[in-house]
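See below for the structure under consideration.
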Amino acid sequence: MLTAIQETIDFLKSRGVGQVDTGIILGTGLGGLIDHIDITVEIPYEDIPHFPVSTVEFHKGKLIYGTLAGKNVLAMQGRFHYYEGYSMQEVTYPVRVMKFLEIKHLLISNAAGSMNTDWKKGELMLLDDHINLQPANPLRGVNVPEFGSIFTDMSAPYDKALNQQLETLASSLDIPLNVGVYVAVEGPSLETRAEYRFLRNIGADAVGMSTVPEVIVANQMGLPCCAISVLTDDCDPDNLQPVDIADIIAIAQTAEKDLIRLYQELIKNL
Ligand code: HPA
């Protein structure tokens, strides 16, 4: 995999990707941060050697290099999900590339369902911890010493300093920021009432189909990361309404304004 990563990096550099401070992964319906980037280079995933190709049509699937709040950023507009049929190694490949490009921080976003009845859809949740219920681990079988140990410590998967800064910024910007536990499931079908009840009972506040693989790989490689969920649907097992993926995307798009402000301010302060 190291050779592949080097080829990917050589290609990106040949296309004008230079020094990068911060990597960003934007989730479903959450591409709006891109509008705030002063874009130098924009490359569709299908053009990048060794990158998987995004198949879900609402993910635009582009890598974007430019400046945001005075910093050089590399942003993934659209990510790879396990439910699309990729292996966990493919899902997390871009994180390894970003780490080898020497990013200092990884900022992640996702759309998630809220099982915490104190919260409302459209609000944000900062991930303090997670539960991995996806059927595979991205470190399984990847014995590459340059990546670090596969027995990666996960006692604090989300960087404490980044989370502290985000909480401080949220209160100074008057943005409600819930803090909680994210559970990653395989998808792509949504959960039944009994499953939401189960997920809530095991200690999760929000549920989604992404983020955890990328966070595991970031931790393995010693890359400080943070993640924010946009809560797109209320998953109360005692009052569950039918939900349409188009509604989830629409809510994500309206709710992402606060996420954009938070990440912009964070990047400015990094
Ligand atoms: N379940 C799983 N993933 C999701 C959900 C959900 O309810 N909402 C947004 N992403």
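Residue names in the structure tokens use chain letters A, B, ... in the order shown, residue numbers from 1 in each chain, and ligand numbers from 1 in the order shown.
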Can you tell me, as a ChimeraX atom specification, what residues are no more than 6 Å from range 123-128 of chain A when counting only C-alpha atoms, ignoring any on the same chain fewer than 2 positions away? /A:120-121,177-181,227-231
Return as a PyMOL selection string the full set of residues in range 25-178 of chain A whose backbone-based DSSP assignment is strand (DSSP E). chain A and resi 25-26+38-44+62-68+71-77+105-114+124-132+177-178
Create the file for the chosen residues now, containing N, CA and C atoms and written as a CSV table (one decimal), in the first residue's frame.
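The resulting part_23.csv:
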```csv
chain,number,residue,atom,x,y,z
A,25,ILE,N,-12.9,16.1,5.9
A,25,ILE,CA,-13.8,15.1,5.2
A,25,ILE,C,-15.2,15.6,5.4
A,26,LEU,N,-15.9,15.8,4.3
A,26,LEU,CA,-17.3,16.4,4.4
A,26,LEU,C,-18.3,15.3,4.1
A,38,ASP,N,-10.8,29.1,-1.0
A,38,ASP,CA,-10.2,29.7,-2.2
A,38,ASP,C,-9.5,28.6,-2.9
A,39,ILE,N,-10.2,28.0,-3.9
A,39,ILE,CA,-9.7,26.8,-4.5
A,39,ILE,C,-8.5,27.0,-5.5
A,40,THR,N,-7.5,26.2,-5.3
A,40,THR,CA,-6.3,26.2,-6.2
A,40,THR,C,-6.4,25.0,-7.2
A,41,VAL,N,-6.8,23.8,-6.6
A,41,VAL,CA,-6.9,22.6,-7.4
A,41,VAL,C,-8.1,21.8,-7.0
A,42,GLU,N,-8.8,21.3,-8.1
A,42,GLU,CA,-10.0,20.5,-7.8
A,42,GLU,C,-9.9,19.2,-8.7
A,43,ILE,N,-9.9,18.1,-8.0
A,43,ILE,CA,-9.7,16.8,-8.8
A,43,ILE,C,-10.8,15.8,-8.5
A,44,PRO,N,-11.5,15.4,-9.5
A,44,PRO,CA,-12.5,14.3,-9.3
A,44,PRO,C,-11.8,13.1,-8.9
A,62,LYS,N,-15.0,14.8,-5.0
A,62,LYS,CA,-13.9,15.6,-5.5
A,62,LYS,C,-12.9,15.9,-4.4
A,63,LEU,N,-11.7,16.0,-4.7
A,63,LEU,CA,-10.7,16.4,-3.7
A,63,LEU,C,-10.3,17.8,-4.1
A,64,ILE,N,-10.4,18.7,-3.0
A,64,ILE,CA,-10.2,20.1,-3.2
A,64,ILE,C,-9.1,20.6,-2.4
A,65,TYR,N,-8.1,21.3,-3.1
A,65,TYR,CA,-7.0,21.9,-2.4
A,65,TYR,C,-7.1,23.4,-2.5
A,66,GLY,N,-6.9,24.1,-1.4
A,66,GLY,CA,-7.0,25.6,-1.5
A,66,GLY,C,-6.7,26.2,-0.1
A,67,THR,N,-7.1,27.4,0.1
A,67,THR,CA,-6.9,28.1,1.4
A,67,THR,C,-8.3,28.4,2.0
A,68,LEU,N,-8.3,28.2,3.3
A,68,LEU,CA,-9.5,28.5,4.1
A,68,LEU,C,-9.1,29.2,5.4
A,71,LYS,N,-5.3,29.2,5.9
A,71,LYS,CA,-4.6,27.9,6.0
A,71,LYS,C,-4.8,27.1,4.7
A,72,ASN,N,-3.7,26.3,4.4
A,72,ASN,CA,-3.9,25.4,3.3
A,72,ASN,C,-4.6,24.1,3.7
A,73,VAL,N,-5.7,23.9,3.0
A,73,VAL,CA,-6.6,22.7,3.3
A,73,VAL,C,-6.7,21.8,2.2
A,74,LEU,N,-6.9,20.5,2.5
A,74,LEU,CA,-7.3,19.5,1.5
A,74,LEU,C,-8.6,18.9,1.9
A,75,ALA,N,-9.6,19.1,1.1
A,75,ALA,CA,-11.0,18.7,1.5
A,75,ALA,C,-11.5,17.6,0.6
A,76,MET,N,-12.1,16.6,1.2
A,76,MET,CA,-12.8,15.6,0.5
A,76,MET,C,-14.3,16.0,0.4
A,77,GLN,N,-14.7,16.3,-0.8
A,77,GLN,CA,-16.2,16.6,-0.9
A,77,GLN,C,-16.8,15.2,-1.3
A,105,HIS,N,-4.0,18.1,11.2
A,105,HIS,CA,-5.2,17.8,11.9
A,105,HIS,C,-6.2,17.3,10.8
A,106,LEU,N,-7.2,16.5,11.3
A,106,LEU,CA,-8.2,16.0,10.4
A,106,LEU,C,-9.6,16.4,11.0
A,107,LEU,N,-10.3,17.1,10.2
A,107,LEU,CA,-11.7,17.6,10.6
A,107,LEU,C,-12.7,16.8,9.8
A,108,ILE,N,-13.7,16.2,10.5
A,108,ILE,CA,-14.6,15.3,9.9
A,108,ILE,C,-16.0,15.8,10.1
A,109,SER,N,-16.9,15.6,9.1
A,109,SER,CA,-18.3,15.8,9.4
A,109,SER,C,-19.2,14.7,8.9
A,110,ASN,N,-20.3,14.5,9.4
A,110,ASN,CA,-21.3,13.5,8.9
A,110,ASN,C,-22.7,13.9,9.2
A,111,ALA,N,-23.6,13.2,8.6
A,111,ALA,CA,-25.0,13.3,8.9
A,111,ALA,C,-25.4,12.1,9.8
A,112,ALA,N,-26.1,12.4,10.9
A,112,ALA,CA,-26.4,11.2,11.8
A,112,ALA,C,-27.9,11.4,12.3
A,113,GLY,N,-28.4,10.3,12.7
A,113,GLY,CA,-29.7,10.3,13.3
A,113,GLY,C,-29.6,10.5,14.8
A,114,SER,N,-30.5,11.2,15.4
A,114,SER,CA,-30.4,11.5,16.9
A,114,SER,C,-31.3,10.6,17.7
A,124,LEU,N,-26.2,20.2,16.1
A,124,LEU,CA,-24.9,19.6,15.9
A,124,LEU,C,-24.6,18.7,17.1
A,125,MET,N,-23.8,17.7,16.9
A,125,MET,CA,-23.2,16.9,18.0
A,125,MET,C,-21.7,16.8,17.8
A,126,LEU,N,-20.9,17.2,18.7
A,126,LEU,CA,-19.5,17.0,18.7
A,126,LEU,C,-19.2,15.6,19.2
A,127,LEU,N,-18.5,14.8,18.5
A,127,LEU,CA,-18.2,13.4,18.9
A,127,LEU,C,-17.1,13.4,20.1
A,128,ASP,N,-17.6,12.9,21.2
A,128,ASP,CA,-16.6,12.7,22.3
A,128,ASP,C,-16.1,11.3,22.3
A,129,ASP,N,-16.9,10.4,21.7
A,129,ASP,CA,-16.5,9.0,21.7
A,129,ASP,C,-17.3,8.2,20.7
A,130,HIS,N,-17.0,7.0,20.4
A,130,HIS,CA,-17.8,6.2,19.5
A,130,HIS,C,-17.9,4.8,19.9
A,131,ILE,N,-18.9,4.1,19.2
A,131,ILE,CA,-19.0,2.7,19.3
A,131,ILE,C,-19.0,2.1,17.9
A,132,ASN,N,-18.1,1.2,17.6
A,132,ASN,CA,-18.0,0.7,16.3
A,132,ASN,C,-18.8,-0.6,16.1
A,177,LEU,N,-24.0,23.3,20.7
A,177,LEU,CA,-23.2,22.2,20.3
A,177,LEU,C,-23.3,21.1,21.4
A,178,ASN,N,-24.1,20.0,21.0
A,178,ASN,CA,-24.3,18.9,21.9
A,178,ASN,C,-23.0,18.1,21.9
```
Nearby polymer residues, ligand 1, at most 9 Å, only C-alpha atoms and all ligand atoms, as a ChimeraX atom specification: /A:28,110-115,183-191,196,206-210,230-235,243,245,248-249,252
Counting only C-alpha atoms, which residue out of A:Gly23, A:Pro49, A:Pro135, A:Pro145 sits closest to Met98 in chain A? A:Gly23
Option closest in space to Pro224 in chain A, from A:Glu167, A:Glu46, A:Asp238, A:Asp159 [counting only C-alpha atoms]: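 Under the stated criterion, the closest residue is A:Asp159.
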Determine which residues of range 11-225 of chain A receive a DSSP assignment of alpha helix (DSSP H), computed from the backbone, and state them as a VMD selection string. chain A and resid 11 to 14 88 to 100 160 to 173 193 to 201 212 to 220
Go through A:Gly203, A:Gly78, A:Gly85, A:Pro138 one by one, measure the shortest atom-to-atom distance of each to Tyr182 in chain A using only C-alpha atoms, and give the residue with the smallest value.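 Looking at the shortest contact to Tyr182 in chain A, the residue is A:Gly203.
One finds CA of Thr211 in chain A at 14.2 Å from CA of Met154 in chain A.
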Near Val215 in chain A, counting only C-alpha atoms, which residues have an atom at most 8 Å away, once you skip same-chain residues fewer than 4 positions from it, shown as a list in words?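 Final neighbour list, sorted by chain and number: Pro157, Tyr158, Thr211, Asn219 and Cys225 of chain A.
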If you count only C-alpha atoms, which residues fall within 8 Å of Pro213 in chain A, apart from same-chain ones fewer than 3 positions away, as a PDB file with N, CA and C atoms, in the first residue's frame?
```
ATOM      1  N   MET A  88     -12.827  -1.792   3.904  1.00  0.00           N
ATOM      2  CA  MET A  88     -12.448  -0.763   4.874  1.00  0.00           C
ATOM      3  C   MET A  88     -11.103  -0.124   4.513  1.00  0.00           C
ATOM      4  N   VAL A  91     -12.084   2.493   2.039  1.00  0.00           N
ATOM      5  CA  VAL A  91     -12.800   3.590   2.707  1.00  0.00           C
ATOM      6  C   VAL A  91     -11.810   4.563   3.362  1.00  0.00           C
ATOM      7  N   THR A  92     -10.732   4.005   3.928  1.00  0.00           N
ATOM      8  CA  THR A  92      -9.806   4.828   4.717  1.00  0.00           C
ATOM      9  C   THR A  92      -8.543   5.235   3.950  1.00  0.00           C
ATOM     10  N   ASN A 137     -12.962  -3.926  10.597  1.00  0.00           N
ATOM     11  CA  ASN A 137     -12.079  -2.891  11.140  1.00  0.00           C
ATOM     12  C   ASN A 137     -11.030  -2.571  10.075  1.00  0.00           C
ATOM     13  N   PRO A 138     -10.766  -1.286   9.823  1.00  0.00           N
ATOM     14  CA  PRO A 138      -9.825  -0.936   8.750  1.00  0.00           C
ATOM     15  C   PRO A 138      -8.385  -1.380   9.007  1.00  0.00           C
ATOM     16  N   SER A 210     -20.700   6.148   8.928  1.00  0.00           N
ATOM     17  CA  SER A 210     -19.366   6.566   8.464  1.00  0.00           C
ATOM     18  C   SER A 210     -18.467   6.904   9.646  1.00  0.00           C
ATOM     19  N   ILE A 216     -10.414   5.610  13.262  1.00  0.00           N
ATOM     20  CA  ILE A 216      -9.513   4.537  13.697  1.00  0.00           C
ATOM     21  C   ILE A 216      -8.161   4.676  12.987  1.00  0.00           C
ATOM     22  N   VAL A 217      -8.204   4.900  11.683  1.00  0.00           N
ATOM     23  CA  VAL A 217      -6.959   5.025  10.921  1.00  0.00           C
ATOM     24  C   VAL A 217      -6.192   6.286  11.343  1.00  0.00           C
TER      25      VAL A 217
END
```
Interface rows for range 69-100 of chain A against range 2-11 of chain A: nearest pair, Å to one decimal, 9 Å, only C-alpha atoms, as CSV:
```
residue,atom,partner,partner_atom,distance
A:Tyr93,CA,A:Ile5,CA,8.2
A:Pro94,CA,A:Ile5,CA,8.9
A:Arg96,CA,A:Ile5,CA,7.6
A:Val97,CA,A:Ile5,CA,5.8
A:Met98,CA,A:Ile9,CA,8.7
A:Phe100,CA,A:Ile5,CA,7.9
```
Which one of A:Asp247, A:Gln241, A:Gln220, A:Asp47 sits closest to Gly148 in chain A if you count only C-alpha atoms? A:Gln220
